[in-house]
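The structure file structure32.csv is reproduced below (CSV, C-alpha atoms and all ligand atoms).
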chain,number,residue,atom,x,y,z
O,1,MET,CA,43.2,-14.8,-61.5
O,2,ASP,CA,44.4,-13.4,-58.2
O,3,LYS,CA,48.0,-14.8,-57.7
O,4,ASN,CA,46.8,-18.2,-59.0
O,5,LEU,CA,44.3,-18.5,-56.1
O,6,SER,CA,42.2,-21.5,-57.1
O,7,ALA,CA,40.0,-22.5,-54.1
O,8,ILE,CA,38.5,-21.6,-50.8
O,9,ILE,CA,38.2,-24.5,-48.4
O,10,PHE,CA,35.8,-24.2,-45.5
O,11,ASP,CA,35.4,-25.7,-42.1
O,12,LEU,CA,31.7,-26.5,-41.5
O,13,ASP,CA,30.7,-26.2,-37.8
O,14,GLY,CA,31.2,-22.6,-36.7
O,15,VAL,CA,32.0,-21.2,-40.1
O,16,ILE,CA,29.1,-22.1,-42.4
O,17,THR,CA,26.6,-23.0,-39.7
O,18,ASP,CA,26.5,-23.1,-35.9
O,19,THR,CA,26.0,-26.7,-34.8
O,20,ALA,CA,27.9,-26.1,-31.6
O,21,GLU,CA,24.7,-25.6,-29.6
O,22,TYR,CA,23.4,-29.0,-30.8
O,23,HIS,CA,26.7,-30.6,-29.9
O,24,PHE,CA,26.4,-28.9,-26.5
O,25,LEU,CA,22.9,-30.1,-25.8
O,26,ALA,CA,23.7,-33.7,-26.7
O,27,TRP,CA,27.0,-33.8,-24.7
O,28,LYS,CA,25.3,-32.1,-21.7
O,29,ALA,CA,22.5,-34.8,-21.7
O,30,LEU,CA,25.1,-37.6,-21.8
O,31,ALA,CA,27.3,-35.9,-19.1
O,32,GLU,CA,24.3,-35.4,-16.8
O,33,ASP,CA,23.5,-39.1,-17.2
O,34,MET,CA,27.0,-39.8,-15.8
O,35,GLY,CA,26.7,-37.2,-13.1
O,36,ILE,CA,29.1,-34.8,-14.7
O,37,ARG,CA,28.4,-31.1,-14.8
O,38,PHE,CA,29.1,-29.8,-18.3
O,39,THR,CA,28.8,-26.1,-19.2
O,40,ARG,CA,28.7,-23.9,-22.3
O,41,GLU,CA,32.2,-22.8,-21.5
O,42,ASP,CA,33.4,-26.4,-21.4
O,43,ASN,CA,31.8,-26.9,-24.8
O,44,GLU,CA,34.1,-24.2,-26.3
O,45,MET,CA,37.0,-26.5,-25.8
O,46,LEU,CA,35.4,-29.1,-28.0
O,47,LYS,CA,35.2,-27.0,-31.2
O,48,GLY,CA,37.0,-28.6,-34.1
O,49,ILE,CA,38.1,-31.7,-32.2
O,50,SER,CA,36.8,-35.2,-32.9
O,51,ARG,CA,33.9,-37.0,-31.2
O,52,MET,CA,36.1,-39.4,-29.2
O,53,GLU,CA,38.5,-36.6,-28.1
O,54,SER,CA,35.4,-34.6,-27.0
O,55,LEU,CA,34.2,-37.5,-24.9
O,56,GLU,CA,37.7,-37.9,-23.3
O,57,LYS,CA,37.7,-34.2,-22.3
O,58,ILE,CA,34.2,-34.5,-20.7
O,59,LEU,CA,35.2,-37.6,-18.7
O,60,GLU,CA,38.3,-35.7,-17.6
O,61,ILE,CA,36.1,-32.8,-16.4
O,62,GLY,CA,34.1,-35.2,-14.3
O,63,GLY,CA,37.2,-37.0,-13.1
O,64,ARG,CA,35.9,-40.3,-14.7
O,65,SER,CA,38.6,-40.9,-17.3
O,66,ALA,CA,39.5,-44.3,-15.9
O,67,ASP,CA,35.9,-45.5,-15.3
O,68,PHE,CA,35.1,-46.9,-18.8
O,69,SER,CA,36.5,-49.5,-21.2
O,70,SER,CA,37.1,-48.4,-24.8
O,71,GLU,CA,34.0,-50.5,-25.8
O,72,GLU,CA,31.9,-48.5,-23.2
O,73,LYS,CA,33.3,-45.2,-24.5
O,74,GLU,CA,32.3,-46.2,-28.1
O,75,LYS,CA,28.8,-46.8,-26.8
O,76,LEU,CA,28.7,-43.5,-25.0
O,77,ALA,CA,29.9,-41.6,-28.1
O,78,ALA,CA,27.3,-43.5,-30.2
O,79,LYS,CA,24.5,-42.5,-27.7
O,80,LYS,CA,25.6,-38.8,-27.9
O,81,ASN,CA,25.6,-39.0,-31.7
O,82,ASP,CA,22.1,-40.5,-32.0
O,83,HIS,CA,20.8,-37.6,-29.9
O,84,TYR,CA,22.8,-35.1,-32.0
O,85,ARG,CA,21.4,-36.6,-35.2
O,86,THR,CA,17.9,-36.1,-33.9
O,87,LEU,CA,18.7,-32.5,-33.0
O,88,ILE,CA,20.3,-31.6,-36.4
O,89,GLN,CA,17.1,-32.7,-38.2
O,90,LYS,CA,15.9,-29.2,-37.5
O,91,ILE,CA,18.6,-27.6,-39.6
O,92,THR,CA,17.4,-25.7,-42.8
O,93,PRO,CA,19.1,-23.3,-45.3
O,94,ASP,CA,18.0,-20.5,-42.9
O,95,ASP,CA,20.7,-21.8,-40.5
O,96,ILE,CA,23.6,-20.7,-42.7
O,97,LEU,CA,25.5,-18.1,-40.6
O,98,PRO,CA,25.0,-14.4,-41.5
O,99,GLY,CA,26.9,-13.3,-44.6
O,100,MET,CA,28.1,-16.8,-45.6
O,101,LYS,CA,25.5,-17.6,-48.3
O,102,GLU,CA,26.5,-14.4,-50.1
O,103,PHE,CA,30.2,-15.0,-49.5
O,104,ILE,CA,29.9,-18.6,-50.9
O,105,PHE,CA,28.1,-17.4,-54.1
O,106,SER,CA,30.5,-14.6,-54.6
O,107,ILE,CA,33.4,-17.1,-54.6
O,108,LYS,CA,31.5,-19.2,-57.3
O,109,GLU,CA,30.9,-16.1,-59.4
O,110,LYS,CA,34.7,-15.4,-59.4
O,111,GLY,CA,35.2,-18.9,-60.9
O,112,LEU,CA,37.0,-20.2,-57.8
O,113,LYS,CA,36.4,-23.7,-56.5
O,114,LEU,CA,34.7,-24.4,-53.2
O,115,GLY,CA,35.8,-27.2,-50.8
O,116,LEU,CA,34.8,-28.4,-47.4
O,117,ALA,CA,37.1,-29.8,-44.8
O,118,SER,CA,35.2,-30.9,-41.6
O,119,ALA,CA,36.2,-32.8,-38.5
O,120,SER,CA,32.6,-34.0,-38.3
O,121,LYS,CA,31.3,-37.4,-39.4
O,122,ASN,CA,27.9,-35.8,-39.9
O,123,ALA,CA,29.1,-33.2,-42.4
O,124,PHE,CA,27.3,-34.6,-45.4
O,125,ALA,CA,24.0,-34.7,-43.5
O,126,VAL,CA,24.4,-31.1,-42.3
O,127,MET,CA,25.4,-29.9,-45.8
O,128,GLU,CA,22.4,-31.6,-47.3
O,129,SER,CA,20.1,-29.9,-44.8
O,130,LEU,CA,21.7,-26.5,-45.5
O,131,GLY,CA,21.0,-27.1,-49.3
O,132,LEU,CA,24.8,-26.8,-50.1
O,133,MET,CA,25.6,-30.2,-51.3
O,134,GLU,CA,25.4,-29.3,-55.0
O,135,VAL,CA,27.2,-25.9,-54.5
O,136,PHE,CA,30.5,-27.3,-53.3
O,137,ASP,CA,33.0,-29.0,-55.6
O,138,ALA,CA,34.5,-31.3,-53.0
O,139,ILE,CA,33.5,-32.3,-49.5
O,140,VAL,CA,35.8,-34.1,-47.1
O,141,ASP,CA,34.6,-35.3,-43.7
O,142,ALA,CA,36.1,-37.1,-40.7
O,143,LYS,CA,35.0,-40.5,-42.1
O,144,THR,CA,37.7,-40.5,-44.8
O,145,VAL,CA,40.7,-39.0,-42.9
O,146,VAL,CA,43.0,-40.8,-40.5
O,147,ASN,CA,44.4,-37.8,-38.7
O,148,GLY,CA,42.2,-35.1,-37.2
O,149,LYS,CA,42.9,-31.3,-37.0
O,150,PRO,CA,45.6,-29.9,-36.3
O,151,ASN,CA,46.9,-32.4,-38.7
O,152,PRO,CA,46.6,-30.9,-42.2
O,153,GLU,CA,45.2,-34.1,-43.8
O,154,VAL,CA,41.6,-33.0,-44.2
O,155,PHE,CA,42.6,-29.7,-45.9
O,156,LEU,CA,45.2,-31.5,-48.2
O,157,LYS,CA,42.6,-34.1,-49.2
O,158,ALA,CA,40.1,-31.4,-50.1
O,159,ALA,CA,42.7,-29.6,-52.3
O,160,ASP,CA,43.5,-33.0,-53.9
O,161,LEU,CA,39.9,-33.7,-54.7
O,162,LEU,CA,39.6,-30.2,-56.2
O,163,HIS,CA,42.8,-31.0,-58.3
O,164,VAL,CA,44.5,-27.8,-57.1
O,165,ASP,CA,47.8,-27.1,-55.3
O,166,ALA,CA,47.4,-26.5,-51.6
O,167,SER,CA,49.6,-23.4,-51.8
O,168,THR,CA,46.9,-21.8,-54.1
O,169,CYS,CA,44.1,-22.3,-51.5
O,170,ILE,CA,42.6,-20.3,-48.7
O,171,GLY,CA,41.3,-22.2,-45.7
O,172,MET,CA,38.6,-20.8,-43.3
O,173,GLU,CA,38.2,-21.9,-39.7
O,174,ASP,CA,36.7,-21.1,-36.3
O,175,ALA,CA,38.9,-23.5,-34.2
O,176,VAL,CA,42.5,-23.0,-33.2
O,177,ALA,CA,43.3,-26.6,-34.1
O,178,GLY,CA,41.7,-25.9,-37.5
O,179,VAL,CA,43.9,-22.8,-38.2
O,180,GLU,CA,46.9,-24.9,-37.3
O,181,ALA,CA,45.8,-27.5,-39.8
O,182,ILE,CA,45.4,-24.9,-42.6
O,183,LYS,CA,48.9,-23.4,-42.0
O,184,ALA,CA,50.4,-26.9,-41.8
O,185,ALA,CA,48.8,-27.6,-45.2
O,186,GLY,CA,50.6,-24.5,-46.6
O,187,MET,CA,47.5,-22.5,-47.1
O,188,PHE,CA,46.5,-18.9,-46.3
O,189,ALA,CA,44.3,-19.0,-43.2
O,190,VAL,CA,41.2,-16.9,-42.4
O,191,ALA,CA,39.9,-17.3,-38.9
O,192,VAL,CA,36.4,-16.5,-37.5
O,193,GLY,CA,36.3,-15.7,-33.8
O,194,LYS,CA,38.1,-13.7,-31.1
O,195,ARG,CA,41.2,-12.0,-32.6
O,196,GLU,CA,43.4,-12.8,-29.6
O,197,SER,CA,42.8,-16.6,-30.0
O,198,PHE,CA,44.2,-16.7,-33.5
O,199,THR,CA,47.8,-15.6,-33.5
O,200,LYS,CA,48.7,-18.0,-36.4
O,201,ALA,CA,45.9,-16.9,-38.8
O,202,ASP,CA,46.7,-14.6,-41.7
O,203,MET,CA,43.4,-12.7,-41.2
O,204,VAL,CA,40.7,-12.8,-38.5
O,205,TYR,CA,37.0,-11.8,-38.7
O,206,GLU,CA,35.2,-11.5,-35.4
O,207,ASN,CA,31.9,-12.5,-37.0
O,208,THR,CA,30.9,-14.2,-40.3
O,209,ALA,CA,28.7,-11.2,-41.1
O,210,PHE,CA,31.9,-9.1,-41.7
O,211,VAL,CA,33.6,-11.5,-44.1
O,212,SER,CA,34.4,-9.8,-47.5
O,213,LEU,CA,35.8,-11.6,-50.5
O,214,ASN,CA,37.4,-8.5,-52.0
O,215,GLU,CA,39.2,-7.8,-48.7
O,216,ILE,CA,40.4,-11.4,-48.4
O,217,LEU,CA,41.7,-11.3,-52.0
O,218,ASP,CA,43.6,-8.1,-51.4
O,219,ARG,CA,45.3,-9.5,-48.4
O,220,TYR,CA,46.0,-12.8,-50.2
O,221,ASN,CA,47.6,-11.0,-53.1
O,222,GLN,CA,49.8,-8.9,-50.7
O,223,GLU,CA,51.4,-12.1,-49.3
V,1,LIG,P1,30.8,-35.4,-35.1
V,1,LIG,P2,34.1,-28.9,-37.9
V,1,LIG,C1,33.7,-30.5,-35.7
V,1,LIG,O1,33.3,-30.0,-37.0
V,1,LIG,C2,33.1,-29.8,-34.5
V,1,LIG,O2,33.6,-28.4,-34.5
V,1,LIG,C3,33.4,-30.5,-33.2
V,1,LIG,O3,32.8,-29.8,-32.1
V,1,LIG,C4,32.9,-31.9,-33.3
V,1,LIG,O4,33.3,-32.6,-32.1
V,1,LIG,C5,33.5,-32.6,-34.5
V,1,LIG,O5,33.2,-31.9,-35.7
V,1,LIG,C6,33.1,-34.0,-34.6
V,1,LIG,O6,31.7,-34.0,-34.9
V,1,LIG,O7,30.5,-35.9,-33.8
V,1,LIG,O8,29.6,-34.9,-35.9
V,1,LIG,O9,31.6,-36.3,-36.0
V,1,LIG,O10,34.1,-27.6,-37.1
V,1,LIG,O11,35.5,-29.5,-38.2
V,1,LIG,O12,33.2,-28.8,-39.1
V,2,MG,MG,34.6,-25.6,-36.8
Please re-express this file's structure in structure tokens.
Ligand code: B16
Ligand code: MG
Amino acid sequence: MDKNLSAIIFDLDGVITDTAEYHFLAWKALAEDMGIRFTREDNEMLKGISRMESLEKILEIGGRSADFSSEEKEKLAAKKNDHYRTLIQKITPDDILPGMKEFIFSIKEKGLKLGLASASKNAFAVMESLGLMEVFDAIVDAKTVVNGKPNPEVFLKAADLLHVDASTCIGMEDAVAGVEAIKAAGMFAVAVGKRESFTKADMVYENTAFVSLNEILDRYNQE
């Protein structure tokens, strides 16, 4: 086996499927209800960060951070989530990002384990809709971790559930906070997105369609 590589642990939103648009539509509706203008560009900042942190950023954009009690903020976040849950009902296996289905199955064929480390509390529902629940060996979502990304907890927990050492794992992410979490977990980091955004990643692909297992294994083995 390639330098004892045992598993590849994926982020969900932005790596396996693109839920960002649904998050955007749900946050935008909530922001508009509060008289806050929220753009697609603003939405970029919310990738990989938790629901409550996202709400805080939106309130900051609208200059309304001090206007709500924590109970009211919980209600606002729950309202956004209800809307988001309705929107993600549309997700099907066709929503797996280009190249990722083939990539996931090539990992399985090599006898490597597959893990998921998501900051979303909706990760199980999304994986179910994508038809990937049975394909993955371990799934960790935000419901069972205390510290969000960039803390390494979610990636370490996935390695634990897979019964493998974190140093023998590769992590894959589309968010800067996520790449930081992978590196803090002592894993090899593959990022998906704009090259200049990911100075800490070991490898960067600008698009999931270009991801190649052989190329990743070559680079992992050179480390
Ligand atoms: P939820 P990931 C993250 O998922 C998203 O990137 C981020 O935009 C979202 O705010 C977060 O999940 C929480 O999602 O409201 O569903 O719990 O990229 O870590 O898979
Ligand atoms: Mg992500």
Write as a list of chain:residue names the residues around ligand MG 2 (chain V), taking 6 Å as the cut-off and counting all atoms listed in the file.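 Based on all atoms listed in the file, ligand MG 2 (chain V) is surrounded within 6 Å by O:Asp11, O:Leu12, O:Asp13, O:Gly14, O:Lys47, O:Gly48, O:Glu173, O:Asp174, O:Ala175.
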Test item: residues lying within 10 Å of ligand LIG 1 (chain V) with only C-alpha atoms and all ligand atoms, as a VMD selection string: chain O and resid 10 to 24 27 43 to 55 77 to 78 80 to 82 84 to 85 88 116 to 126 140 to 143 148 to 149 154 173 to 175 177 to 178
Just how far from atom CA of O:Ala7 is atom CA of O:Asn151, in Å to one decimal? 19.6 Å
Dump as JSON lines the rows for residues of stretch 93-137 of chain O within 8 Å of stretch 197-219 of chain O: closest atom pair and distance in Å with one decimal, all atoms listed in the file counted, ordered by chain and rising residue number.
{"residue": "O:Leu97", "atom": "CA", "partner": "O:Thr208", "partner_atom": "CA", "distance": 6.7}
{"residue": "O:Pro98", "atom": "CA", "partner": "O:Ala209", "partner_atom": "CA", "distance": 4.9}
{"residue": "O:Gly99", "atom": "CA", "partner": "O:Ala209", "partner_atom": "CA", "distance": 4.5}
{"residue": "O:Met100", "atom": "CA", "partner": "O:Thr208", "partner_atom": "CA", "distance": 6.5}
{"residue": "O:Phe103", "atom": "CA", "partner": "O:Leu213", "partner_atom": "CA", "distance": 6.6}
{"residue": "O:Ser106", "atom": "CA", "partner": "O:Leu213", "partner_atom": "CA", "distance": 7.3}
{"residue": "O:Ile107", "atom": "CA", "partner": "O:Leu213", "partner_atom": "CA", "distance": 7.3}
Calculate how many Å separate atom CA of O:Ala191 from atom CA of O:Tyr220, rounding to one decimal.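 Here the two named atoms are 13.6 Å from each other.
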Of the candidates O:Gln222, O:Arg195, O:Leu59, O:Ser65, which one gets nearest to O:Asp42 if we count all atoms listed in the file? O:Leu59
For atom CA of O:Glu71 and atom CA of O:Val145, determine how far apart the two atoms are, in Å to one decimal place.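 Taking atom CA of O:Glu71 as the start and atom CA of O:Val145 as the end point, the length is 21.7 Å.
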List the neighbours of O:Ile36 out to 9 Å using all atoms listed in the file; skip same-chain residues closer than 3 positions along the sequence, and give me the result as a PyMOL selection string. chain O and resi 28+30-33+58-59+61-64
With distances taken over only C-alpha atoms, which of O:Glu109, O:Leu25, O:Ile8, O:Thr39 is nearest to O:Ala138?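 When distances to O:Ala138 are compared using only C-alpha atoms, the smallest one comes from O:Ile8.
Closest approach to O:Ala185 among O:Gly171, O:Pro152, O:Val164, O:Ile104 is made by O:Pro152 (distances from only C-alpha atoms).
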